[in-house]
$ cat coords.cif   # mmCIF, N, CA and C atoms
data_model
loop_
_atom_site.label_atom_id
_atom_site.label_comp_id
_atom_site.auth_asym_id
_atom_site.auth_seq_id
_atom_site.Cartn_x
_atom_site.Cartn_y
_atom_site.Cartn_z
N MET A 974 110.55 102.98 62.14
CA MET A 974 110.94 102.65 63.51
C MET A 974 109.96 103.29 64.49
N ALA A 975 109.77 102.64 65.59
CA ALA A 975 108.82 103.11 66.60
C ALA A 975 109.26 104.45 67.17
N GLU A 976 108.27 105.30 67.40
CA GLU A 976 108.52 106.65 67.90
C GLU A 976 108.77 106.67 69.41
N HIS A 977 108.13 105.76 70.15
CA HIS A 977 108.20 105.74 71.61
C HIS A 977 108.41 104.31 72.09
N ARG A 978 108.82 104.17 73.33
CA ARG A 978 108.98 102.82 73.89
C ARG A 978 107.64 102.24 74.33
N ASN A 979 106.95 102.88 75.27
CA ASN A 979 105.70 102.36 75.83
C ASN A 979 104.51 103.19 75.38
N VAL A 980 103.56 102.52 74.76
CA VAL A 980 102.35 103.15 74.24
C VAL A 980 101.17 102.63 75.04
N TYR A 981 100.21 103.52 75.31
CA TYR A 981 99.03 103.14 76.09
C TYR A 981 97.76 103.39 75.30
N VAL A 982 96.85 102.44 75.39
CA VAL A 982 95.49 102.57 74.86
C VAL A 982 94.56 102.13 75.97
N ASP A 983 93.47 102.87 76.17
CA ASP A 983 92.44 102.35 77.06
C ASP A 983 91.22 102.00 76.23
N MET A 984 90.50 100.99 76.69
CA MET A 984 89.36 100.55 75.90
C MET A 984 88.40 99.73 76.76
N VAL A 985 87.22 99.52 76.21
CA VAL A 985 86.25 98.63 76.82
C VAL A 985 86.54 97.21 76.30
N GLY A 986 86.65 97.07 74.98
CA GLY A 986 86.96 95.78 74.37
C GLY A 986 85.82 94.79 74.40
N ASP A 987 84.59 95.28 74.52
CA ASP A 987 83.42 94.41 74.58
C ASP A 987 83.15 93.83 73.20
N LEU A 988 82.82 92.54 73.14
CA LEU A 988 82.58 91.84 71.87
C LEU A 988 83.72 92.15 70.89
N PHE A 989 84.92 91.87 71.32
CA PHE A 989 86.16 92.18 70.58
C PHE A 989 85.98 91.92 69.08
N HIS A 990 86.28 92.92 68.26
CA HIS A 990 85.99 92.87 66.83
C HIS A 990 87.12 93.53 66.02
N PRO A 991 87.03 93.49 64.69
CA PRO A 991 88.11 94.03 63.84
C PRO A 991 88.44 95.50 64.10
N GLY A 992 87.49 96.29 64.52
CA GLY A 992 87.79 97.69 64.85
C GLY A 992 88.74 97.79 66.03
N HIS A 993 88.55 96.92 67.03
CA HIS A 993 89.48 96.89 68.16
C HIS A 993 90.88 96.49 67.70
N VAL A 994 90.94 95.47 66.84
CA VAL A 994 92.24 95.02 66.33
C VAL A 994 92.93 96.15 65.57
N ALA A 995 92.18 96.87 64.75
CA ALA A 995 92.75 97.97 63.98
C ALA A 995 93.32 99.05 64.90
N LEU A 996 92.60 99.37 65.98
CA LEU A 996 93.09 100.35 66.95
C LEU A 996 94.39 99.87 67.59
N LEU A 997 94.42 98.63 68.03
CA LEU A 997 95.61 98.10 68.70
C LEU A 997 96.79 98.02 67.74
N ARG A 998 96.54 97.64 66.50
CA ARG A 998 97.61 97.59 65.49
C ARG A 998 98.17 98.99 65.25
N ALA A 999 97.28 99.96 65.09
CA ALA A 999 97.72 101.34 64.84
C ALA A 999 98.49 101.89 66.04
N ALA A 1000 98.01 101.60 67.24
CA ALA A 1000 98.69 102.09 68.45
C ALA A 1000 100.07 101.48 68.59
N ARG A 1001 100.17 100.20 68.33
CA ARG A 1001 101.45 99.50 68.46
C ARG A 1001 102.52 100.10 67.55
N ALA A 1002 102.11 100.66 66.43
CA ALA A 1002 103.06 101.27 65.48
C ALA A 1002 103.76 102.49 66.08
N PHE A 1003 103.22 103.04 67.17
CA PHE A 1003 103.82 104.22 67.80
C PHE A 1003 104.94 103.86 68.77
N GLY A 1004 105.15 102.58 69.05
CA GLY A 1004 106.16 102.23 70.04
C GLY A 1004 106.58 100.79 70.02
N GLU A 1005 107.36 100.43 71.01
CA GLU A 1005 107.90 99.08 71.12
C GLU A 1005 107.00 98.16 71.93
N ARG A 1006 106.26 98.71 72.90
CA ARG A 1006 105.39 97.91 73.77
C ARG A 1006 104.03 98.59 73.85
N LEU A 1007 102.99 97.76 73.79
CA LEU A 1007 101.63 98.29 73.90
C LEU A 1007 101.02 97.84 75.21
N ILE A 1008 100.64 98.82 76.00
CA ILE A 1008 99.97 98.60 77.28
C ILE A 1008 98.51 98.99 77.09
N VAL A 1009 97.61 98.07 77.40
CA VAL A 1009 96.18 98.32 77.21
C VAL A 1009 95.48 98.34 78.56
N GLY A 1010 94.84 99.46 78.85
CA GLY A 1010 94.01 99.58 80.04
C GLY A 1010 92.59 99.18 79.69
N VAL A 1011 92.01 98.28 80.46
CA VAL A 1011 90.64 97.83 80.22
C VAL A 1011 89.75 98.42 81.31
N LEU A 1012 88.77 99.19 80.88
CA LEU A 1012 87.87 99.87 81.81
C LEU A 1012 86.91 98.88 82.48
N SER A 1013 86.61 99.14 83.74
CA SER A 1013 85.72 98.25 84.50
C SER A 1013 84.28 98.38 84.00
N ASP A 1014 83.49 97.36 84.32
CA ASP A 1014 82.07 97.37 83.97
C ASP A 1014 81.38 98.61 84.53
N GLU A 1015 81.69 98.95 85.79
CA GLU A 1015 81.05 100.08 86.46
C GLU A 1015 81.39 101.40 85.77
N VAL A 1016 82.64 101.58 85.41
CA VAL A 1016 83.05 102.82 84.73
C VAL A 1016 82.34 102.93 83.38
N VAL A 1017 82.33 101.86 82.63
CA VAL A 1017 81.71 101.88 81.30
C VAL A 1017 80.21 102.14 81.40
N ALA A 1018 79.55 101.53 82.38
CA ALA A 1018 78.10 101.70 82.54
C ALA A 1018 77.73 103.15 82.83
N ARG A 1019 78.64 103.91 83.41
CA ARG A 1019 78.36 105.32 83.72
C ARG A 1019 78.28 106.19 82.48
N TYR A 1020 79.00 105.83 81.41
CA TYR A 1020 78.97 106.70 80.23
C TYR A 1020 78.45 106.03 78.97
N LYS A 1021 78.26 104.74 78.99
CA LYS A 1021 77.86 104.03 77.78
C LYS A 1021 76.72 103.08 78.08
N ARG A 1022 77.04 101.87 78.43
CA ARG A 1022 76.12 100.82 78.84
C ARG A 1022 76.97 99.75 79.50
N LYS A 1023 76.33 98.89 80.27
CA LYS A 1023 77.09 97.81 80.90
C LYS A 1023 77.59 96.87 79.80
N PRO A 1024 78.86 96.52 79.83
CA PRO A 1024 79.38 95.60 78.80
C PRO A 1024 78.68 94.24 78.84
N ILE A 1025 78.61 93.60 77.70
CA ILE A 1025 78.03 92.26 77.59
C ILE A 1025 79.01 91.24 78.21
N MET A 1026 80.28 91.39 77.89
CA MET A 1026 81.31 90.50 78.42
C MET A 1026 81.78 91.03 79.78
N THR A 1027 82.15 90.12 80.67
CA THR A 1027 82.69 90.55 81.96
C THR A 1027 84.08 91.14 81.78
N LEU A 1028 84.55 91.82 82.80
CA LEU A 1028 85.90 92.37 82.76
C LEU A 1028 86.91 91.25 82.52
N ALA A 1029 86.79 90.13 83.22
CA ALA A 1029 87.73 89.02 83.05
C ALA A 1029 87.72 88.48 81.63
N GLU A 1030 86.55 88.39 81.03
CA GLU A 1030 86.44 87.91 79.64
C GLU A 1030 87.10 88.90 78.68
N ARG A 1031 86.84 90.18 78.89
CA ARG A 1031 87.43 91.19 78.01
C ARG A 1031 88.95 91.22 78.14
N VAL A 1032 89.44 91.12 79.36
CA VAL A 1032 90.89 91.09 79.59
C VAL A 1032 91.51 89.88 78.88
N ALA A 1033 90.90 88.71 79.01
CA ALA A 1033 91.43 87.49 78.39
C ALA A 1033 91.55 87.63 76.87
N VAL A 1034 90.52 88.19 76.25
CA VAL A 1034 90.54 88.34 74.79
C VAL A 1034 91.59 89.37 74.36
N ILE A 1035 91.65 90.48 75.06
CA ILE A 1035 92.62 91.53 74.71
C ILE A 1035 94.04 91.03 74.93
N GLU A 1036 94.28 90.29 76.01
CA GLU A 1036 95.61 89.71 76.25
C GLU A 1036 96.04 88.79 75.12
N ALA A 1037 95.10 88.15 74.47
CA ALA A 1037 95.40 87.21 73.40
C ALA A 1037 95.75 87.90 72.08
N CYS A 1038 95.49 89.18 71.97
CA CYS A 1038 95.79 89.91 70.73
C CYS A 1038 97.30 90.06 70.58
N ARG A 1039 97.81 89.75 69.43
CA ARG A 1039 99.27 89.74 69.21
C ARG A 1039 99.92 91.11 69.32
N TYR A 1040 99.18 92.18 69.23
CA TYR A 1040 99.76 93.53 69.32
C TYR A 1040 99.94 93.99 70.76
N VAL A 1041 99.35 93.27 71.72
CA VAL A 1041 99.30 93.70 73.11
C VAL A 1041 100.39 93.02 73.93
N ASP A 1042 101.11 93.83 74.72
CA ASP A 1042 102.16 93.30 75.58
C ASP A 1042 101.72 93.20 77.04
N VAL A 1043 100.95 94.18 77.51
CA VAL A 1043 100.54 94.23 78.91
C VAL A 1043 99.09 94.70 78.96
N VAL A 1044 98.30 94.09 79.85
CA VAL A 1044 96.92 94.54 80.06
C VAL A 1044 96.78 94.98 81.51
N LEU A 1045 96.19 96.16 81.70
CA LEU A 1045 95.91 96.69 83.03
C LEU A 1045 94.41 96.70 83.25
N PRO A 1046 93.88 95.70 83.99
CA PRO A 1046 92.44 95.71 84.28
C PRO A 1046 92.08 96.87 85.21
N GLN A 1047 90.82 97.26 85.18
CA GLN A 1047 90.32 98.35 86.05
C GLN A 1047 91.04 99.67 85.76
N ALA A 1048 91.30 99.95 84.50
CA ALA A 1048 91.99 101.18 84.12
C ALA A 1048 91.15 102.40 84.49
N PRO A 1049 91.81 103.52 84.78
CA PRO A 1049 91.06 104.72 85.14
C PRO A 1049 90.36 105.33 83.92
N TYR A 1050 89.21 105.94 84.17
CA TYR A 1050 88.48 106.63 83.10
C TYR A 1050 89.26 107.85 82.62
N ARG A 1051 89.77 108.63 83.56
CA ARG A 1051 90.54 109.83 83.23
C ARG A 1051 92.02 109.48 83.27
N VAL A 1052 92.70 109.69 82.16
CA VAL A 1052 94.12 109.36 82.06
C VAL A 1052 94.93 110.60 82.41
N THR A 1053 95.80 110.46 83.40
CA THR A 1053 96.61 111.59 83.88
C THR A 1053 98.08 111.34 83.61
N ASN A 1054 98.86 112.40 83.70
CA ASN A 1054 100.31 112.28 83.54
C ASN A 1054 100.91 111.46 84.68
N GLU A 1055 100.31 111.53 85.85
CA GLU A 1055 100.78 110.71 86.98
C GLU A 1055 100.60 109.22 86.68
N PHE A 1056 99.48 108.87 86.07
CA PHE A 1056 99.24 107.48 85.67
C PHE A 1056 100.30 107.04 84.65
N LEU A 1057 100.60 107.91 83.69
CA LEU A 1057 101.62 107.58 82.69
C LEU A 1057 102.97 107.37 83.35
N ASP A 1058 103.33 108.25 84.27
CA ASP A 1058 104.61 108.13 84.98
C ASP A 1058 104.67 106.83 85.79
N LEU A 1059 103.58 106.51 86.46
CA LEU A 1059 103.52 105.30 87.29
C LEU A 1059 103.79 104.04 86.47
N HIS A 1060 103.32 104.03 85.22
CA HIS A 1060 103.45 102.85 84.37
C HIS A 1060 104.52 102.99 83.28
N GLY A 1061 105.29 104.06 83.32
CA GLY A 1061 106.35 104.24 82.34
C GLY A 1061 105.85 104.40 80.92
N ILE A 1062 104.73 105.07 80.77
CA ILE A 1062 104.10 105.24 79.45
C ILE A 1062 104.56 106.54 78.81
N ASP A 1063 104.95 106.46 77.54
CA ASP A 1063 105.45 107.63 76.82
C ASP A 1063 104.38 108.36 76.03
N VAL A 1064 103.41 107.62 75.50
CA VAL A 1064 102.40 108.23 74.65
C VAL A 1064 101.09 107.44 74.78
N VAL A 1065 99.97 108.15 74.60
CA VAL A 1065 98.63 107.57 74.66
C VAL A 1065 98.02 107.67 73.27
N VAL A 1066 97.35 106.60 72.85
CA VAL A 1066 96.70 106.57 71.54
C VAL A 1066 95.21 106.30 71.75
N HIS A 1067 94.40 107.00 70.97
CA HIS A 1067 92.95 106.77 71.00
C HIS A 1067 92.39 107.01 69.61
N GLY A 1068 91.22 106.43 69.34
CA GLY A 1068 90.54 106.68 68.07
C GLY A 1068 90.07 108.11 67.99
N ASP A 1069 89.92 108.60 66.77
CA ASP A 1069 89.53 110.00 66.55
C ASP A 1069 88.01 110.20 66.61
N ASP A 1070 87.30 109.28 67.25
CA ASP A 1070 85.84 109.35 67.31
C ASP A 1070 85.30 110.12 68.51
N LEU A 1071 86.16 110.58 69.40
CA LEU A 1071 85.70 111.32 70.58
C LEU A 1071 85.43 112.78 70.24
N THR A 1072 84.46 113.37 70.91
CA THR A 1072 84.21 114.79 70.75
C THR A 1072 85.33 115.57 71.44
N ALA A 1073 85.44 116.85 71.15
CA ALA A 1073 86.45 117.69 71.79
C ALA A 1073 86.25 117.72 73.30
N ASP A 1074 85.00 117.79 73.74
CA ASP A 1074 84.71 117.79 75.18
C ASP A 1074 85.13 116.48 75.84
N ALA A 1075 84.84 115.35 75.19
CA ALA A 1075 85.22 114.05 75.74
C ALA A 1075 86.74 113.91 75.79
N LEU A 1076 87.42 114.38 74.75
CA LEU A 1076 88.89 114.34 74.75
C LEU A 1076 89.45 115.12 75.93
N LYS A 1077 88.90 116.30 76.16
CA LYS A 1077 89.37 117.12 77.28
C LYS A 1077 89.09 116.45 78.62
N GLU A 1078 87.88 115.87 78.75
CA GLU A 1078 87.49 115.22 80.00
C GLU A 1078 88.38 114.01 80.32
N VAL A 1079 88.64 113.18 79.33
CA VAL A 1079 89.35 111.92 79.56
C VAL A 1079 90.87 112.08 79.46
N PHE A 1080 91.33 112.87 78.50
CA PHE A 1080 92.76 112.94 78.21
C PHE A 1080 93.35 114.35 78.33
N GLY A 1081 92.61 115.29 78.94
CA GLY A 1081 93.04 116.69 78.99
C GLY A 1081 94.49 116.92 79.35
N PRO A 1082 94.94 116.49 80.54
CA PRO A 1082 96.33 116.76 80.93
C PRO A 1082 97.35 116.08 80.00
N VAL A 1083 97.01 114.90 79.52
CA VAL A 1083 97.91 114.16 78.63
C VAL A 1083 98.01 114.89 77.29
N ALA A 1084 96.87 115.34 76.77
CA ALA A 1084 96.86 116.09 75.51
C ALA A 1084 97.64 117.39 75.66
N ASP A 1085 97.43 118.08 76.78
CA ASP A 1085 98.14 119.34 77.03
C ASP A 1085 99.65 119.13 77.08
N ALA A 1086 100.07 117.95 77.52
CA ALA A 1086 101.50 117.63 77.60
C ALA A 1086 102.06 117.13 76.26
N GLY A 1087 101.20 117.06 75.23
CA GLY A 1087 101.65 116.61 73.91
C GLY A 1087 101.86 115.11 73.81
N LYS A 1088 101.20 114.35 74.69
CA LYS A 1088 101.41 112.90 74.71
C LYS A 1088 100.23 112.10 74.15
N LEU A 1089 99.29 112.77 73.49
CA LEU A 1089 98.13 112.07 72.94
C LEU A 1089 98.22 112.05 71.42
N ARG A 1090 98.02 110.86 70.85
CA ARG A 1090 97.97 110.68 69.40
C ARG A 1090 96.62 110.08 69.05
N LEU A 1091 96.00 110.61 68.02
CA LEU A 1091 94.72 110.09 67.56
C LEU A 1091 94.91 109.32 66.27
N VAL A 1092 94.22 108.19 66.17
CA VAL A 1092 94.26 107.38 64.95
C VAL A 1092 92.84 107.27 64.42
N ARG A 1093 92.74 106.95 63.15
CA ARG A 1093 91.44 106.89 62.49
C ARG A 1093 90.56 105.80 63.09
N TYR A 1094 89.33 106.19 63.40
CA TYR A 1094 88.33 105.26 63.91
C TYR A 1094 87.88 104.35 62.75
N THR A 1095 87.71 103.09 63.02
CA THR A 1095 87.27 102.14 61.99
C THR A 1095 85.75 102.22 61.87
N ALA A 1096 85.30 102.83 60.81
CA ALA A 1096 83.86 102.99 60.59
C ALA A 1096 83.23 101.68 60.15
N GLY A 1097 81.97 101.50 60.45
CA GLY A 1097 81.22 100.35 59.96
C GLY A 1097 81.21 99.14 60.87
N VAL A 1098 82.07 99.12 61.88
CA VAL A 1098 82.05 98.00 62.82
C VAL A 1098 82.21 98.57 64.22
N SER A 1099 81.30 98.18 65.09
CA SER A 1099 81.35 98.63 66.48
C SER A 1099 80.60 97.61 67.33
N THR A 1100 80.81 97.67 68.61
CA THR A 1100 80.09 96.77 69.50
C THR A 1100 78.59 97.05 69.41
N THR A 1101 78.23 98.32 69.33
CA THR A 1101 76.82 98.69 69.20
C THR A 1101 76.21 98.06 67.94
N GLU A 1102 76.96 98.09 66.85
CA GLU A 1102 76.47 97.50 65.60
C GLU A 1102 76.36 95.98 65.73
N LEU A 1103 77.31 95.34 66.41
CA LEU A 1103 77.23 93.89 66.61
C LEU A 1103 76.02 93.52 67.46
N ILE A 1104 75.74 94.31 68.48
CA ILE A 1104 74.56 94.07 69.31
C ILE A 1104 73.29 94.20 68.47
N ARG A 1105 73.25 95.22 67.62
CA ARG A 1105 72.10 95.41 66.73
C ARG A 1105 71.91 94.20 65.83
N ARG A 1106 73.00 93.69 65.26
CA ARG A 1106 72.93 92.52 64.39
C ARG A 1106 72.43 91.28 65.15
N CYS A 1107 72.91 91.10 66.37
CA CYS A 1107 72.47 89.96 67.19
C CYS A 1107 70.98 90.04 67.45
N ARG A 1108 70.52 91.23 67.80
CA ARG A 1108 69.08 91.40 68.06
C ARG A 1108 68.26 91.13 66.81
N ALA A 1109 68.76 91.60 65.66
CA ALA A 1109 68.03 91.39 64.40
C ALA A 1109 68.00 89.91 64.02
N ALA A 1110 69.04 89.17 64.37
CA ALA A 1110 69.12 87.76 64.01
C ALA A 1110 68.38 86.85 64.98
N ALA A 1111 68.09 87.35 66.17
CA ALA A 1111 67.44 86.53 67.20
C ALA A 1111 65.97 86.30 66.83
N PRO A 1112 65.47 85.11 67.15
CA PRO A 1112 64.05 84.86 66.88
C PRO A 1112 63.19 85.82 67.71
N SER A 1113 62.15 86.35 67.11
CA SER A 1113 61.31 87.32 67.82
C SER A 1113 60.26 86.66 68.69
N SER A 1114 59.94 85.42 68.44
CA SER A 1114 58.96 84.74 69.29
C SER A 1114 59.66 84.02 70.42
N GLY A 1115 58.92 83.45 71.31
CA GLY A 1115 59.47 82.81 72.51
C GLY A 1115 60.05 81.43 72.27
N GLY A 1116 60.56 81.14 71.09
CA GLY A 1116 61.16 79.83 70.82
C GLY A 1116 62.44 79.62 71.59
N THR A 1117 62.91 78.40 71.62
CA THR A 1117 64.14 78.10 72.33
C THR A 1117 65.32 78.29 71.40
N ALA A 1118 66.41 78.74 71.99
CA ALA A 1118 67.64 78.95 71.22
C ALA A 1118 68.65 77.87 71.62
N THR A 1119 69.47 77.49 70.67
CA THR A 1119 70.54 76.53 70.96
C THR A 1119 71.87 77.16 70.63
N SER A 1120 72.92 76.65 71.25
CA SER A 1120 74.23 77.21 70.97
C SER A 1120 75.09 76.26 70.21
#
$ encode --input "coords.cif" --output "structure tokens"
Amino acid sequence: MAEHRNVYVDMVGDLFHPGHVALLRAARAFGERLIVGVLSDEVVARYKRKPIMTLAERVAVIEACRYVDVVLPQAPYRVTNEFLDLHGIDVVVHGDDLTADALKEVFGPVADAGKLRLVRYTAGVSTTELIRRCRAAAPSSGGTATS
């Protein structure tokens, strides 16, 4: 049985892939409803790179995932207890791939309140890896590409 009613995950969701699905499936197991915050292009570009897909595209794909009940576009980078209260969120779930410093920066107050759960990161598939594969598969000369 689910441990909490409302569960929150924040994500970029760029080039939505099986690792994203695994995270959402694992998070949903913690509660009855899964609320997904999708970070804006500007926020993501500050710490990672500009997403390939637009915010609207990423939101549309994430909304279509069967584990997701609600999507919050333009989610905050730093998750606070006030944000959880505002949205009726009981627990936050994230992959275990963040460093201790990043966890403190993004989820510090939530972790201190005992509301953060970490799930295993899906190794071997990532947006960065998909981008690498696309680059490797692309023709290296100036030929034309078709879709």
$ closest_residue --input "coords.cif" --among "A:Met984, A:Gly1061, A:Val1017, A:His977" --to "Gly1004 (chain A)" --atoms "only N, CA and C atoms"
A:His977
$ resolve_selection --input "coords.cif" --expression "the PyMOL selection byres ((chain A and resi 1043-1046) around 6)" --output "CSV table (one decimal) with N, CA and C atoms, keeping the file's coordinate frame"
chain,number,residue,atom,x,y,z
A,1007,LEU,N,103.0,97.8,73.8
A,1007,LEU,CA,101.6,98.3,73.9
A,1007,LEU,C,101.0,97.8,75.2
A,1008,ILE,N,100.6,98.8,76.0
A,1008,ILE,CA,100.0,98.6,77.3
A,1008,ILE,C,98.5,99.0,77.1
A,1009,VAL,N,97.6,98.1,77.4
A,1009,VAL,CA,96.2,98.3,77.2
A,1009,VAL,C,95.5,98.3,78.6
A,1010,GLY,N,94.8,99.5,78.8
A,1010,GLY,CA,94.0,99.6,80.0
A,1010,GLY,C,92.6,99.2,79.7
A,1011,VAL,N,92.0,98.3,80.5
A,1011,VAL,CA,90.6,97.8,80.2
A,1011,VAL,C,89.8,98.4,81.3
A,1012,LEU,N,88.8,99.2,80.9
A,1012,LEU,CA,87.9,99.9,81.8
A,1012,LEU,C,86.9,98.9,82.5
A,1041,VAL,N,99.4,93.3,71.7
A,1041,VAL,CA,99.3,93.7,73.1
A,1041,VAL,C,100.4,93.0,73.9
A,1042,ASP,N,101.1,93.8,74.7
A,1042,ASP,CA,102.2,93.3,75.6
A,1042,ASP,C,101.7,93.2,77.0
A,1047,GLN,N,90.8,97.3,85.2
A,1047,GLN,CA,90.3,98.4,86.0
A,1047,GLN,C,91.0,99.7,85.8
A,1048,ALA,N,91.3,100.0,84.5
A,1048,ALA,CA,92.0,101.2,84.1
A,1048,ALA,C,91.2,102.4,84.5
$ atom_distance --input "coords.cif" --atom1 "CA of Gly1068 (chain A)" --atom2 "CA of Glu1055 (chain A)"
21.9 Å
$ resolve_selection --input "coords.cif" --expression "the PyMOL selection byres ((chain A and resi 1076-1087) around 6)" --output "list in words"
Tyr1050, Arg1051, Val1052, Thr1053, Asn1054, Leu1071, Thr1072, Ala1073, Asp1074, Ala1075, Lys1088 and Leu1089 of chain A
$ atom_distance --input "coords.cif" --atom1 "CA of Glu1005 (chain A)" --atom2 "CA of Leu1059 (chain A)"
17.9 Å
$ select_by_dssp --input "coords.cif" --residues "region 1080-1119 of chain A" --states "strand (DSSP E)" --output "PyMOL selection string"
chain A and resi 1089-1092
$ resolve_selection --input "coords.cif" --expression "the PyMOL selection byres ((chain A and resi 1028-1036) around 6)" --output "NGL selection string"
:A and (986 or 1014 or 1026-1027 or 1037-1038)
$ atom_distance --input "coords.cif" --atom1 "CA of Arg1108 (chain A)" --atom2 "atom C of Asp987 (chain A)"
15.2 Å
$ select_by_dssp --input "coords.cif" --residues "chain A" --states "helix (DSSP H, G or I)" --output "VMD selection string"
chain A and resid 991 to 1001 1014 to 1020 1028 to 1037 1054 to 1060 1073 to 1085 1100 to 1110
$ decode --input "coords.cif" --residues "region 1000-1007 of chain A" --atoms "all heavy atoms" --output "compact mmCIF listing (two decimals), in the first residue's frame"
# COMPACT_ATOMS: atom_id res chain seq x y z
N ALA A 1000 8.69 6.46 -8.05
CA ALA A 1000 8.12 7.53 -7.23
C ALA A 1000 6.65 7.27 -6.95
O ALA A 1000 6.18 7.45 -5.82
CB ALA A 1000 8.31 8.88 -7.93
N ARG A 1001 5.93 6.84 -7.95
CA ARG A 1001 4.49 6.60 -7.80
C ARG A 1001 4.22 5.54 -6.73
O ARG A 1001 3.20 5.58 -6.04
CB ARG A 1001 3.89 6.18 -9.14
CG ARG A 1001 2.41 5.88 -9.11
CD ARG A 1001 1.63 7.13 -8.68
NE ARG A 1001 0.23 6.85 -8.53
CZ ARG A 1001 -0.68 7.02 -9.47
NH1 ARG A 1001 -0.33 7.47 -10.65
NH2 ARG A 1001 -1.93 6.74 -9.23
N ALA A 1002 5.14 4.61 -6.54
CA ALA A 1002 4.97 3.56 -5.53
C ALA A 1002 4.94 4.12 -4.11
O ALA A 1002 4.49 3.44 -3.19
CB ALA A 1002 6.09 2.52 -5.67
N PHE A 1003 5.39 5.36 -3.93
CA PHE A 1003 5.40 5.97 -2.60
C PHE A 1003 4.06 6.61 -2.23
O PHE A 1003 3.90 7.07 -1.10
CB PHE A 1003 6.49 7.05 -2.51
CG PHE A 1003 7.87 6.49 -2.33
CD1 PHE A 1003 8.66 6.24 -3.43
CD2 PHE A 1003 8.37 6.22 -1.07
CE1 PHE A 1003 9.95 5.74 -3.28
CE2 PHE A 1003 9.65 5.71 -0.90
CZ PHE A 1003 10.44 5.46 -2.01
N GLY A 1004 3.12 6.67 -3.15
CA GLY A 1004 1.87 7.35 -2.83
C GLY A 1004 0.75 7.07 -3.79
O GLY A 1004 0.86 6.24 -4.69
N GLU A 1005 -0.33 7.80 -3.60
CA GLU A 1005 -1.53 7.62 -4.41
C GLU A 1005 -1.54 8.50 -5.65
O GLU A 1005 -2.15 8.15 -6.66
CB GLU A 1005 -2.77 7.94 -3.58
CG GLU A 1005 -2.95 7.02 -2.38
CD GLU A 1005 -4.06 7.48 -1.46
OE1 GLU A 1005 -4.93 8.25 -1.90
OE2 GLU A 1005 -4.05 7.07 -0.30
N ARG A 1006 -0.90 9.67 -5.59
CA ARG A 1006 -0.87 10.62 -6.71
C ARG A 1006 0.56 11.09 -6.91
O ARG A 1006 1.25 11.40 -5.96
CB ARG A 1006 -1.73 11.85 -6.40
CG ARG A 1006 -3.21 11.57 -6.39
CD ARG A 1006 -4.03 12.83 -6.14
NE ARG A 1006 -3.75 13.81 -7.17
CZ ARG A 1006 -3.65 15.13 -6.95
NH1 ARG A 1006 -3.81 15.62 -5.75
NH2 ARG A 1006 -3.41 15.96 -7.94
N LEU A 1007 0.94 11.17 -8.18
CA LEU A 1007 2.28 11.66 -8.51
C LEU A 1007 2.18 13.01 -9.19
O LEU A 1007 1.53 13.16 -10.23
CB LEU A 1007 3.01 10.67 -9.42
CG LEU A 1007 4.44 11.08 -9.80
CD1 LEU A 1007 5.32 11.26 -8.57
CD2 LEU A 1007 5.04 10.06 -10.76
